[in-house]
Structure formats: C-alpha cells, structure tokens
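One file, coords19.txt, carrying compact mmCIF, C-alpha atoms:
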# COMPACT_ATOMS: atom_id res chain seq x y z
CA MET A 139 4.91 -27.04 67.08
CA GLN A 140 4.61 -30.44 65.45
CA VAL A 141 8.05 -31.62 64.23
CA GLN A 142 8.48 -34.34 61.62
CA VAL A 143 11.68 -35.82 60.15
CA VAL A 144 11.26 -38.04 57.09
CA THR A 145 13.81 -39.71 54.82
CA ARG A 146 13.99 -40.64 51.17
CA ASN A 147 16.60 -43.08 49.75
CA LEU A 148 18.31 -42.98 53.12
CA SER A 149 18.35 -44.68 56.51
CA ILE A 150 19.35 -42.56 59.49
CA THR A 151 20.27 -43.34 63.07
CA ASP A 152 18.24 -42.17 66.04
CA ASP A 153 21.13 -39.82 66.84
CA ILE A 154 20.78 -38.03 63.45
CA LYS A 155 16.99 -37.93 63.81
CA LYS A 156 17.25 -36.33 67.27
CA TYR A 157 19.87 -33.90 65.93
CA ALA A 158 17.55 -32.84 63.08
CA GLU A 159 14.55 -32.50 65.41
CA ALA A 160 16.60 -30.34 67.82
CA LYS A 161 17.74 -28.08 64.97
CA ILE A 162 14.18 -27.63 63.67
CA SER A 163 12.82 -27.00 67.17
CA LYS A 164 15.23 -24.08 67.60
CA LEU A 165 13.29 -22.21 64.89
CA SER A 166 10.42 -21.71 67.35
CA LYS A 167 12.57 -19.22 69.29
CA TYR A 168 12.36 -16.91 66.26
CA LEU A 169 8.65 -17.39 65.61
CA SER A 170 6.14 -18.74 68.12
CA ASN A 171 3.26 -19.43 65.72
CA ILE A 172 4.89 -22.23 63.68
CA THR A 173 2.24 -24.94 63.60
CA MET A 174 4.18 -27.63 61.71
CA ALA A 175 7.81 -28.20 60.81
CA LYS A 176 8.92 -30.97 58.46
CA MET A 177 12.49 -31.86 57.50
CA GLU A 178 13.01 -34.22 54.58
CA LEU A 179 16.44 -35.83 54.32
CA ALA A 180 17.51 -37.51 51.09
CA ALA A 181 20.63 -39.03 49.58
CA GLU A 182 21.58 -39.08 45.93
CA LYS A 183 24.73 -40.17 44.17
CA SER A 184 26.76 -37.58 42.32
CA LYS A 185 28.85 -38.17 39.20
CA SER A 186 31.84 -38.94 41.42
CA ARG A 187 29.77 -41.69 43.10
CA GLN A 188 29.92 -39.76 46.34
CA HIS A 189 26.66 -39.27 48.18
CA ILE A 190 25.13 -35.80 48.22
CA TYR A 191 22.73 -35.24 51.10
CA THR A 192 19.77 -32.93 50.74
CA ALA A 193 17.91 -31.41 53.67
CA GLN A 194 14.63 -29.65 52.92
CA VAL A 195 12.62 -27.92 55.64
CA THR A 196 9.00 -26.85 55.29
CA LEU A 197 7.35 -24.68 57.95
CA ASN A 198 3.66 -23.92 58.26
CA VAL A 199 3.20 -20.56 59.99
CA ASN A 200 -0.55 -20.11 60.40
CA GLY A 201 -1.11 -21.28 56.83
CA PHE A 202 1.88 -19.47 55.31
CA ILE A 203 4.43 -21.94 53.95
CA ILE A 204 8.17 -21.26 54.24
CA ARG A 205 10.56 -23.70 52.58
CA GLY A 206 14.33 -23.99 52.39
CA GLU A 207 16.72 -26.58 50.98
CA HIS A 208 20.44 -27.26 51.05
CA LYS A 209 22.74 -29.97 49.65
CA ALA A 210 26.06 -31.00 51.21
CA GLU A 211 28.52 -33.90 51.30
CA SER A 212 27.56 -34.84 54.86
CA ILE A 213 24.14 -35.24 56.42
CA ARG A 214 24.98 -33.04 59.42
CA ALA A 215 26.34 -30.27 57.18
CA SER A 216 23.14 -30.25 55.14
CA ILE A 217 21.04 -30.11 58.34
CA ASP A 218 23.16 -27.29 59.79
CA THR A 219 23.11 -25.21 56.64
CA VAL A 220 19.39 -25.63 55.92
CA THR A 221 18.72 -24.56 59.50
CA GLU A 222 20.71 -21.37 58.88
CA VAL A 223 18.74 -20.80 55.66
CA MET A 224 15.48 -21.24 57.54
CA GLU A 225 16.59 -18.84 60.28
CA ARG A 226 17.14 -16.16 57.63
CA LEU A 227 13.76 -16.90 55.98
CA VAL A 228 11.91 -16.90 59.31
CA THR A 229 13.56 -13.59 60.26
CA LYS A 230 12.55 -12.15 56.88
CA TYR A 231 8.99 -13.39 57.37
CA LYS A 232 8.84 -11.98 60.89
CA LYS A 233 10.03 -8.54 59.75
CA LYS A 234 7.44 -8.48 57.00
CA TYR A 235 4.39 -9.92 58.79
CA GLU A 236 4.76 -9.49 62.53
CA ILE A 237 3.63 -6.07 63.70
CA SER A 238 5.19 -5.00 66.97
CA LYS A 239 3.85 -2.83 69.79
CA GLY A 240 0.84 -4.98 70.63
CA ARG A 241 -0.97 -4.84 67.29
CA ALA A 242 -2.36 -7.94 65.61
CA SER A 243 -0.34 -10.10 63.25
CA GLU A 244 -0.99 -9.85 59.52
CA SER A 245 -0.13 -13.49 58.93
CA ILE A 246 -2.48 -15.53 56.82
CA LYS A 247 -5.05 -17.39 58.89
CA GLN A 248 -4.89 -21.18 58.76
CA THR A 249 -8.06 -22.85 57.58
CA SER A 250 -6.74 -26.29 56.72
CA ASN A 251 -3.62 -28.13 55.60
CA ILE A 252 -2.05 -26.24 52.71
CA GLU A 253 -1.01 -29.19 50.57
CA THR A 254 -2.57 -32.59 50.16
CA PRO A 255 -0.70 -34.50 47.45
CA ALA A 256 -2.89 -36.76 45.37
CA ASP A 257 -0.80 -38.84 43.03
CA ILE A 258 -3.02 -40.08 40.22
CA GLU A 259 -2.17 -42.74 37.67
CA PHE A 260 -2.58 -41.56 34.09
CA ASN A 261 -2.11 -43.06 30.69
CA LYS A 262 1.63 -43.51 29.94
CA GLU A 263 1.29 -41.36 26.79
CA MET A 264 0.64 -38.30 28.93
CA GLU A 265 3.55 -36.29 30.34
CA LEU A 266 1.73 -35.45 33.59
CA VAL A 267 3.59 -37.24 36.40
CA LYS A 268 2.03 -35.72 39.50
CA SER A 269 -1.22 -34.09 40.53
CA LYS A 270 -1.66 -31.99 43.67
CA ARG A 271 -4.72 -30.79 45.53
CA PHE A 272 -4.47 -27.96 48.02
CA ILE A 273 -6.55 -25.38 49.78
CA ILE A 274 -6.31 -21.92 48.24
CA LYS A 275 -6.29 -19.09 50.70
CA PRO A 276 -7.74 -15.61 50.26
CA MET A 277 -4.86 -13.11 50.09
CA THR A 278 -3.69 -9.96 48.38
CA THR A 279 -1.38 -10.07 45.36
CA ASN A 280 1.50 -8.83 47.55
CA GLN A 281 0.92 -11.68 50.01
CA ALA A 282 0.83 -14.13 47.07
CA VAL A 283 4.20 -12.82 45.82
CA ASP A 284 5.64 -13.27 49.31
CA GLN A 285 4.23 -16.80 49.60
CA MET A 286 5.67 -17.69 46.16
CA GLU A 287 9.09 -16.33 47.18
CA PHE A 288 9.09 -18.16 50.51
CA LEU A 289 8.26 -21.40 48.70
CA GLY A 290 10.95 -20.80 46.09
CA HIS A 291 8.48 -21.31 43.23
CA ASP A 292 8.11 -19.44 39.93
CA PHE A 293 4.31 -19.26 40.17
CA PHE A 294 1.59 -19.40 42.81
CA LEU A 295 -2.17 -20.04 42.61
CA PHE A 296 -4.30 -18.08 45.09
CA LEU A 297 -7.75 -16.64 45.79
CA ASN A 298 -7.52 -12.88 45.26
CA MET A 299 -9.31 -11.26 48.19
CA ASP A 300 -9.83 -8.02 46.21
CA ASP A 301 -12.23 -9.58 43.70
CA ASN A 302 -12.74 -13.11 45.12
CA THR A 303 -11.38 -14.82 41.98
CA VAL A 304 -8.69 -17.46 41.49
CA ASN A 305 -5.49 -15.86 40.15
CA VAL A 306 -1.95 -16.97 39.34
CA ILE A 307 1.06 -14.82 40.18
CA TYR A 308 4.28 -15.71 38.34
CA ARG A 309 7.88 -14.57 38.01
CA ARG A 310 8.73 -13.28 34.55
CA LYS A 311 12.09 -13.83 32.83
CA ASP A 312 13.01 -10.19 33.51
CA GLY A 313 12.60 -10.81 37.29
CA ARG A 314 9.38 -8.85 37.65
CA TYR A 315 5.97 -10.41 38.35
CA GLY A 316 2.92 -11.15 36.26
CA LEU A 317 -0.68 -11.78 37.30
CA ILE A 318 -3.08 -14.06 35.44
CA GLN A 319 -6.75 -13.26 36.08
CA PRO A 320 -8.96 -15.76 34.25
CA GLU A 321 -12.43 -14.83 33.06
CA VAL A 322 -15.25 -17.29 32.46
CA ALA A 323 -16.24 -17.41 28.78

Reformat the file's structure so that it appears as structure tokens.
Amino acid sequence: MQVQVVTRNLSITDDIKKYAEAKISKLSKYLSNITMAKMELAAEKSKSRQHIYTAQVTLNVNGFIIRGEHKAESIRASIDTVTEVMERLVTKYKKKYEISKGRASESIKQTSNIETPADIEFNKEMELVKSKRFIIKPMTTNQAVDQMEFLGHDFFLFLNMDDNTVNVIYRRKDGRYGLIQPEVA
C-alpha cells in the first residue's frame, strides 16, 4: 500500500507525519487490497481564532474510492478520529464487497487512477472554479450508489455496465436516489 501524507495551510513535524502514516498503515489489517492511502491535513481558523484541524483520508481499494474526514481542535485528535471513521467505512466496504469462503471478490477492478484534477483558468465572469478529469468505471447502479456513499457525495458519474452508457446517480432531497440516463438527440 502506497501511503501519502500531505498538508495544506499547515507545517507538521516529522513526528506528526510518522504518527499519521502509522495510523493509515493500520487500515491494511482490515483490507489487504488497498492500493493507495492519502491523508490530507489542514488548518483553518475558527471564529474564536482557534485553529481547527481537518484530517481527510482517501483510500483506493482496487479502483473503489473510500473517503472520510474529521475536524478537531488538535491535529492528533483529528488523525485519531478520522482513522476510526475509516475503520468503520473499510469494515462496511468489506462486508458488502468481500465474499468469504474462497470465492472471488466483487470489488471494482482498477484500470487507472480514479481522479486526475485538471485546474483550468477561465474567464473571471464564469462561476466555474475547478474542472476535474477522471476515469469512469463500468459498474452497476447499486455499485455506483455505494461508491457515491463511500465518497460522501450527493451525485456520482459512472459507466452503466447494463447498457454501456454514461449515467449519473444522485441523492434526492427525500433521501432516495435518482438516475439520470442521457440520450443523444
């Protein structure tokens, strides 16, 4: 498993970096097929001028992305708590996708990196502030719902393996899910 610790608006000591790497590495005891683990640590000032530390962890499990985030008043507390969050998410993933008794795993096969950010400069009049490029993976609508939930997003773009078309799954205001299936005019 490739482990990466990055910071934003924050400088950390080698001790904190090693602590974060050790915490992330422990996730491999729950799931052996984690290919990449990234922890992003950030600091932001709250209204009381006290720093709030955010720890966000992103795991790539054979192309399936699992993400968790936690904010706390100390950097170690945010690392500890996000690790606990990730343990719960990894356990949930394992129960759903790992098939026991010697049968093959149903996890989504990795074909390439899932996200490749491409920040593009646009005219200032436009509201678009970021553009992303990523590889879409063939999956069922149920797998797309799971991927959306594990990412913590309200929508997810995917290649529907039932009809080989690009679809969007989204969470409705009532908590249920919707599916957008575009047709070429």

- [ ] Quote the spacing between CA of Lys176 in chain A and CA of Met139 in chain A in Å to one decimal place.
- [x] 10.3 Å

Shell around Ala180 in chain A at 12 Å using only C-alpha atoms, local window under 3 positions removed, as an mmCIF file with C-alpha atoms, in the frame of the given file:
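Saved the output as out_14.cif:
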data_model
loop_
_atom_site.group_PDB
_atom_site.id
_atom_site.type_symbol
_atom_site.label_atom_id
_atom_site.label_comp_id
_atom_site.auth_asym_id
_atom_site.auth_seq_id
_atom_site.Cartn_x
_atom_site.Cartn_y
_atom_site.Cartn_z
ATOM 1 C CA VAL A 143 11.680 -35.820 60.150
ATOM 2 C CA VAL A 144 11.260 -38.040 57.090
ATOM 3 C CA THR A 145 13.810 -39.710 54.820
ATOM 4 C CA ARG A 146 13.990 -40.640 51.170
ATOM 5 C CA ASN A 147 16.600 -43.080 49.750
ATOM 6 C CA LEU A 148 18.310 -42.980 53.120
ATOM 7 C CA SER A 149 18.350 -44.680 56.510
ATOM 8 C CA ILE A 150 19.350 -42.560 59.490
ATOM 9 C CA MET A 177 12.490 -31.860 57.500
ATOM 10 C CA LYS A 183 24.730 -40.170 44.170
ATOM 11 C CA HIS A 189 26.660 -39.270 48.180
ATOM 12 C CA ILE A 190 25.130 -35.800 48.220
ATOM 13 C CA TYR A 191 22.730 -35.240 51.100
ATOM 14 C CA THR A 192 19.770 -32.930 50.740
ATOM 15 C CA ALA A 193 17.910 -31.410 53.670
ATOM 16 C CA GLN A 194 14.630 -29.650 52.920
ATOM 17 C CA VAL A 195 12.620 -27.920 55.640
ATOM 18 C CA GLU A 207 16.720 -26.580 50.980
ATOM 19 C CA HIS A 208 20.440 -27.260 51.050
ATOM 20 C CA LYS A 209 22.740 -29.970 49.650
ATOM 21 C CA ALA A 210 26.060 -31.000 51.210
ATOM 22 C CA GLU A 211 28.520 -33.900 51.300
ATOM 23 C CA SER A 212 27.560 -34.840 54.860
ATOM 24 C CA ILE A 213 24.140 -35.240 56.420
ATOM 25 C CA SER A 216 23.140 -30.250 55.140
ATOM 26 C CA ILE A 217 21.040 -30.110 58.340
#

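With all atoms listed in the file as the basis for measurement, A:Ile273 is the residue among A:Val141, A:Met286, A:Ile273, A:Ile154 that approaches Gly201 in chain A most closely.
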
Task: Pick from A:Leu289, A:Met174, A:Leu317, A:Ile274, whichever lies nearest to Asn302 in chain A using all atoms listed in the file - done: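 Smallest separation from Asn302 in chain A among the options: A:Ile274.
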
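CA of Asp284 in chain A sits 14.1 Å away from CA of Gly206 in chain A.
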
Task: Distance of CA of Gly290 in chain A from CA of Arg205 in chain A, expressed in Å to one decimal place - done: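 Result for CA of Arg205 in chain A versus CA of Gly290 in chain A: 7.1 Å, one decimal.
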
What box, with edges along x, y and z, holds each listed atom of range 162-172 of chain A when 4 Å is added on every side, and can you state its centre and edge lengths in Å to one decimal, as JSON?
{"center_x": 9.2, "center_y": -22.3, "center_z": 66.5, "size_x": 20.0, "size_y": 18.7, "size_z": 13.6}

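Nearest residue to Leu297 in chain A, choosing from A:Asn198, A:Ser184, A:Thr278, A:Ser170 and counting only C-alpha atoms: A:Thr278.
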
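Candidate residues A:Lys185, A:Arg271, A:Lys156, A:Ile203 were compared for distance to Thr173 in chain A, and the nearest is A:Ile203, using only C-alpha atoms.
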
Open item on the list: Residues within 12 Å of Pro276 in chain A, please, as an MDAnalysis selection string. Count only C-alpha atoms; anything in the same chain fewer than 2 positions from it doesn't count.
Closed with: chainID A and resid 201:202 245:249 273:274 278:282 295:305

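For the residues A:Gln188, A:Gln285, A:Thr196, A:Asn171, ranking by smallest atom-to-atom distance to Lys234 in chain A using all atoms listed in the file places A:Gln285 first.
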